[in-house]
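Participant: Sending over a structure as structure tokens; questions will come in a sec.
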Amino acid sequence: MAMLAFVALASHADPMALNEVPSLEKVQELALASDPYRQGSQAREQSLRQESNAADTWDNPVLTTSIQNVPVDSFSASQEAMTQFKVGVQQSLPRGESQVIAAKRFDVAADKEFVLRALRNARVIRQTSIAWYDGFFAQRRLSLLTQKIEKMQQVIAAKEASFASASEDDSQQSVLDLSIQLVAVEEELAQVEQRRASAYARLHEWLNIPFTSYPKWPEQNTNMLVSQASEWLNRTENIDVTGLIAKHPHVKALSVDETLAQQDLAFATEQSKPKWTVEASYGYRHHDDMGHDRADFLSIGVRVDLPSLTPTRHRAQAKSAAYKLSAAAIDRRLEIKRLSAEFAKVRNQLVFAVKRHHLIRQRMLSTTEALAQTALRGFEQDTADIADVLLAGIAAIDAKLKLNEINAEMATYFQHGQFYLLPDSYSAVSQVARPSQLSRQHSSPSNGQLAHRADVKE
């Protein structure tokens, strides 16, 4: 379904570039549909499946032919009784259960591709969401900065007029100070434009849809983002973080590495078992010089190597595999600790971002807006001039800029937090199953975030 939506939007955008960025949910959907990683991962998985089939078969039989004991004086096949034409077949048998273990190892490696696809989907969702919010809040900041520049220019014009008419005791220094501040705001405006262009470029990496030079982001109610973040903080306040992190695709990929190390240890252990080879040959002899038939020969034999005679080598290989297994288990536990610590850090950052949001919105923004209303009433009653009204409006815009900055940080922290504690749809990853089982598991969008769904095999 996502692929059809991507094709439809891309075909619609072909003749003319889009002038508006799709919604956050649509961007997430299109990014997953257009990501080529899935096709590569499925190809690697199928390659490993075929390797598993190949590993679980015996070695090729060996066919040998030879002419033995030919007299060099006459090169006659009937001169000597020992001259014969020999055909033989050799077949090597697996060393213990080594072939079964090797096939299982390839299957486990193939199963890992599903987990890696789940991890890739989560990362795509996080990166595209952060890029979308960066562009969205950059666009809002551009609008507020533009309003601020207009009001500052109006203040400068009003002060220059009052200075020229000497209607009030004002100095030229205040006009110069405002002019310097105006240049700083204009320079910040250019920086924010660059930030918005960077966000667009990051989105274009995933979407591959042509846009106009300055595409617009659709409007979105930021109060919903605050409520979602607050609800998420409440749900994650008293949870088993370690247990949930252990189900994360990144940790599950390390669990698969641990399973692979177990298979390597089992394979190394099997190398201490003997390897058998059976062989059979048929020797044809020509009749003698008198025309009498000679009996043909049938030979049957068994060969076996004796690894027990070189135990040092095999013990070293088994110990090496055991150490690798131990290291893989430690890496998985360390990764759980690292991700848990990063989650705690991001959650704390989100907690303080929400607190700052409420502080700026309920106190600073309301105070500056009340100040602007007071200045406007004073101007209407001739107790304040137009410069005071404009300066009060600039203070309100500064409060909105601060709130916009906090909201941008909140959106980033929220996306990172959701990456560490993925939706319940990823609980399927806790049991690494075959794609035939996993391909039927999917989820629906939740909390305005497109579900990090398992990709369906095509």
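To be explicit about the labels: the chains of the structure tokens are called A, B, and onward in the order shown, and within each one the residues are counted from 1, while ligands get numbers from 1 in the order they are shown.
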I'd like the neighbourhood of region 106-110 of chain A as a PyMOL selection string, where a residue qualifies if any of its atoms comes within 8 Å (using only C-alpha atoms), though same-chain residues fewer than 3 positions away should be ignored.

Facilitator: chain A and resi 44-46+48-49+51-52+102-103+113-114+256+259-260

Participant: Just the strand (DSSP E) stuff from region 57-260 of chain A, please, per backbone DSSP, written as an MDAnalysis selection string.

Facilitator: chainID A and resid 62:68 84:92 211:216

Participant: Counting only C-alpha atoms, which residue out of A:Gly417, A:Ala321, A:Glu405, A:Ser76 sits closest to Lys345 (chain A)?

Facilitator: A:Gly417

Participant: Looking only at the backbone, which of the residues in region 174-296 of chain A does DSSP tag as helix (DSSP H, G or I), as JSON, numbers by chain?

Facilitator: {"A": [174, 175, 176, 177, 178, 179, 180, 181, 182, 183, 184, 185, 186, 187, 188, 189, 190, 191, 192, 193, 194, 195, 196, 197, 198, 199, 200, 201, 202, 203, 204, 205, 206, 207, 222, 223, 224, 225, 226, 227, 228, 229, 230, 231, 232, 233, 234, 235, 241, 242, 243, 244, 245, 249, 250, 251, 252, 253, 254, 255, 256, 257, 258, 259, 260, 261, 262, 263, 264, 265, 266, 267, 268, 269, 270]}

Participant: Quick one: residues within 12 Å of Arg140 (chain A), only C-alpha atoms, excluding same-chain residues fewer than 6 positions away - as a PyMOL selection string?

Facilitator: chain A and resi 133-134+146-147+189+192-193+195-196+216-222+397+400-405+407-408

Participant: For those residues, write N, CA and C atoms to a file as a short mmCIF file (atom, residue, chain, number, x, y, z; two decimals), in the first residue's frame.

Facilitator:
data_model
loop_
_atom_site.label_atom_id
_atom_site.label_comp_id
_atom_site.auth_asym_id
_atom_site.auth_seq_id
_atom_site.Cartn_x
_atom_site.Cartn_y
_atom_site.Cartn_z
N TYR A 133 10.58 17.70 11.26
CA TYR A 133 10.34 18.69 12.32
C TYR A 133 11.36 19.83 12.26
N ASP A 134 12.60 19.53 11.88
CA ASP A 134 13.59 20.60 11.74
C ASP A 134 13.14 21.62 10.70
N THR A 146 10.75 37.19 10.39
CA THR A 146 10.29 38.18 9.41
C THR A 146 9.40 39.23 10.08
N GLN A 147 8.49 38.77 10.94
CA GLN A 147 7.64 39.71 11.67
C GLN A 147 8.47 40.61 12.59
N LEU A 189 18.21 35.20 10.33
CA LEU A 189 17.24 34.78 9.33
C LEU A 189 17.92 33.96 8.23
N VAL A 192 18.67 30.47 9.58
CA VAL A 192 17.48 29.63 9.66
C VAL A 192 17.07 29.16 8.27
N GLU A 193 17.21 30.01 7.26
CA GLU A 193 16.94 29.59 5.89
C GLU A 193 17.86 28.44 5.48
N ARG A 195 19.16 26.32 7.57
CA ARG A 195 18.71 25.15 8.33
C ARG A 195 17.51 24.50 7.67
N ARG A 196 16.58 25.32 7.16
CA ARG A 196 15.43 24.76 6.47
C ARG A 196 15.85 24.06 5.18
N LYS A 216 7.01 24.46 1.13
CA LYS A 216 6.40 24.83 2.40
C LYS A 216 6.05 23.57 3.19
N TRP A 217 6.21 23.66 4.49
CA TRP A 217 5.79 22.58 5.37
C TRP A 217 4.33 22.80 5.75
N PRO A 218 3.53 21.74 5.77
CA PRO A 218 2.12 21.91 6.17
C PRO A 218 2.02 22.30 7.64
N GLU A 219 1.00 23.04 7.98
CA GLU A 219 0.81 23.47 9.36
C GLU A 219 0.42 22.27 10.23
N GLN A 220 0.87 22.32 11.45
CA GLN A 220 0.54 21.26 12.40
C GLN A 220 0.40 21.87 13.78
N ASN A 221 -0.58 21.38 14.52
CA ASN A 221 -0.82 21.89 15.87
C ASN A 221 0.26 21.37 16.80
N THR A 222 1.11 22.28 17.29
CA THR A 222 2.19 21.85 18.19
C THR A 222 1.67 21.43 19.55
N ILE A 397 7.08 38.55 20.22
CA ILE A 397 7.66 37.70 19.18
C ILE A 397 8.86 36.94 19.72
N LYS A 400 7.66 33.99 21.49
CA LYS A 400 7.23 32.94 20.55
C LYS A 400 8.43 32.24 19.92
N LEU A 401 9.49 33.00 19.65
CA LEU A 401 10.71 32.39 19.11
C LEU A 401 11.31 31.41 20.12
N LYS A 402 11.32 31.80 21.37
CA LYS A 402 11.85 30.90 22.41
C LYS A 402 10.99 29.65 22.53
N LEU A 403 9.67 29.84 22.48
CA LEU A 403 8.78 28.68 22.55
C LEU A 403 8.96 27.78 21.34
N ASN A 404 9.15 28.35 20.17
CA ASN A 404 9.38 27.56 18.96
C ASN A 404 10.68 26.76 19.06
N GLU A 405 11.72 27.37 19.62
CA GLU A 405 12.99 26.67 19.80
C GLU A 405 12.84 25.48 20.75
N ASN A 407 10.05 23.85 21.36
CA ASN A 407 9.24 22.83 20.70
C ASN A 407 10.07 22.01 19.72
N ALA A 408 11.01 22.67 19.02
CA ALA A 408 11.88 21.94 18.11
C ALA A 408 12.74 20.93 18.87
#

Participant: Considering only C-alpha atoms, state which residue in the set A:Ala329, A:Ala161, A:Ala341, A:Val185 is at the smallest distance from Arg141 (chain A).

Facilitator: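 Once distances to Arg141 (chain A) are computed over only C-alpha atoms, the minimum belongs to A:Val185.
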
Participant: Considering only C-alpha atoms, state which residue in the set A:Gln263, A:Thr269, A:Ser41, A:Ser255 is at the smallest distance from Leu116 (chain A).

Facilitator: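 The closest residue to Leu116 (chain A) is A:Ser41.
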
Participant: Counting only C-alpha atoms, which residue out of A:Glu20, A:Thr374, A:Ala353, A:Gln127 sits closest to Ala229 (chain A)?

Facilitator: A:Ala353

Participant: Region 171-182 of chain A: which residues within 12 Å, counting only C-alpha atoms, same-chain residues fewer than 4 positions away excluded, as a ChimeraX atom specification?

Facilitator: /A:145-164,166-167,186-189,387,391,394

Participant: At a cut-off of 10 Å, using only C-alpha atoms, what residues contact Phe343 (chain A)? Leave out same-chain residues fewer than 2 positions from it and give the result as a ChimeraX atom specification.

Facilitator: /A:241,245,337-341,345-349,413,416-421

Participant: Show which residues sit within 12 Å of Ala327 (chain A), as a PDB file with N, CA and C atoms, in the first residue's frame. Count only C-alpha atoms, and ignore same-chain residues fewer than 4 positions away.

Facilitator:
ATOM      1  N   LEU A 254      22.286  -8.279  18.033  1.00  0.00           N
ATOM      2  CA  LEU A 254      23.421  -8.792  18.803  1.00  0.00           C
ATOM      3  C   LEU A 254      23.105 -10.160  19.391  1.00  0.00           C
ATOM      4  N   SER A 255      21.833 -10.396  19.727  1.00  0.00           N
ATOM      5  CA  SER A 255      21.448 -11.732  20.198  1.00  0.00           C
ATOM      6  C   SER A 255      21.636 -12.768  19.096  1.00  0.00           C
ATOM      7  N   ASP A 257      23.892 -12.507  16.768  1.00  0.00           N
ATOM      8  CA  ASP A 257      25.346 -12.704  16.721  1.00  0.00           C
ATOM      9  C   ASP A 257      25.795 -13.688  17.790  1.00  0.00           C
ATOM     10  N   GLU A 258      25.165 -13.611  18.945  1.00  0.00           N
ATOM     11  CA  GLU A 258      25.479 -14.560  20.012  1.00  0.00           C
ATOM     12  C   GLU A 258      25.101 -15.982  19.611  1.00  0.00           C
ATOM     13  N   THR A 259      23.948 -16.133  18.963  1.00  0.00           N
ATOM     14  CA  THR A 259      23.542 -17.452  18.476  1.00  0.00           C
ATOM     15  C   THR A 259      24.511 -17.966  17.422  1.00  0.00           C
ATOM     16  N   ALA A 261      27.634 -17.255  17.280  1.00  0.00           N
ATOM     17  CA  ALA A 261      28.838 -17.676  18.003  1.00  0.00           C
ATOM     18  C   ALA A 261      28.638 -19.049  18.640  1.00  0.00           C
ATOM     19  N   GLN A 262      27.432 -19.347  19.096  1.00  0.00           N
ATOM     20  CA  GLN A 262      27.141 -20.677  19.630  1.00  0.00           C
ATOM     21  C   GLN A 262      27.277 -21.739  18.538  1.00  0.00           C
ATOM     22  N   SER A 320      38.901 -20.826  21.144  1.00  0.00           N
ATOM     23  CA  SER A 320      38.712 -19.561  20.441  1.00  0.00           C
ATOM     24  C   SER A 320      37.232 -19.286  20.208  1.00  0.00           C
ATOM     25  N   ALA A 321      36.484 -20.306  19.783  1.00  0.00           N
ATOM     26  CA  ALA A 321      35.051 -20.135  19.567  1.00  0.00           C
ATOM     27  C   ALA A 321      34.330 -19.844  20.879  1.00  0.00           C
ATOM     28  N   ALA A 322      34.771 -20.460  21.974  1.00  0.00           N
ATOM     29  CA  ALA A 322      34.146 -20.213  23.268  1.00  0.00           C
ATOM     30  C   ALA A 322      34.379 -18.768  23.722  1.00  0.00           C
ATOM     31  N   TYR A 323      35.580 -18.269  23.493  1.00  0.00           N
ATOM     32  CA  TYR A 323      35.868 -16.871  23.846  1.00  0.00           C
ATOM     33  C   TYR A 323      35.028 -15.905  23.005  1.00  0.00           C
ATOM     34  N   ASP A 331      28.980  -8.192  24.749  1.00  0.00           N
ATOM     35  CA  ASP A 331      28.618  -7.070  23.877  1.00  0.00           C
ATOM     36  C   ASP A 331      27.124  -6.792  23.930  1.00  0.00           C
ATOM     37  N   ARG A 332      26.331  -7.845  23.973  1.00  0.00           N
ATOM     38  CA  ARG A 332      24.878  -7.648  24.037  1.00  0.00           C
ATOM     39  C   ARG A 332      24.480  -6.988  25.356  1.00  0.00           C
ATOM     40  N   ARG A 333      25.056  -7.434  26.466  1.00  0.00           N
ATOM     41  CA  ARG A 333      24.713  -6.832  27.763  1.00  0.00           C
ATOM     42  C   ARG A 333      25.180  -5.377  27.830  1.00  0.00           C
ATOM     43  N   LEU A 334      26.363  -5.117  27.283  1.00  0.00           N
ATOM     44  CA  LEU A 334      26.856  -3.738  27.273  1.00  0.00           C
ATOM     45  C   LEU A 334      25.969  -2.836  26.426  1.00  0.00           C
TER      46      LEU A 334
END

Participant: Taking only residues of region 254-360 of chain A that have an atom at most 12 Å from an atom of region 57-70 of chain A, what is each one's shortest atom pair and its distance in Å to one decimal, using only C-alpha atoms, in chain and number order, as a Markdown table?

Facilitator:
| residue | atom | partner | partner_atom | distance |
| --- | --- | --- | --- | --- |
| A:Lys275 | CA | A:Asp59 | CA | 12.0 |
| A:Trp276 | CA | A:Asp59 | CA | 11.8 |
| A:Thr277 | CA | A:Pro61 | CA | 10.0 |
| A:Val278 | CA | A:Pro61 | CA | 9.9 |
| A:Glu279 | CA | A:Val62 | CA | 9.0 |
| A:Ala280 | CA | A:Leu63 | CA | 9.9 |
| A:Ser281 | CA | A:Thr64 | CA | 8.5 |
| A:Tyr282 | CA | A:Thr65 | CA | 9.5 |
| A:Gly283 | CA | A:Ile67 | CA | 9.0 |
| A:Tyr284 | CA | A:Ile67 | CA | 9.4 |
| A:Arg285 | CA | A:Gln68 | CA | 9.9 |
| A:His286 | CA | A:Val70 | CA | 11.3 |

Participant: Hey, which of A:Pro274, A:Pro22, A:Gly291, A:Gly88 ends up closest to Leu306 (chain A)? Count only C-alpha atoms.

Facilitator: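 Using only C-alpha atoms, Leu306 (chain A) sits closest to A:Pro274.
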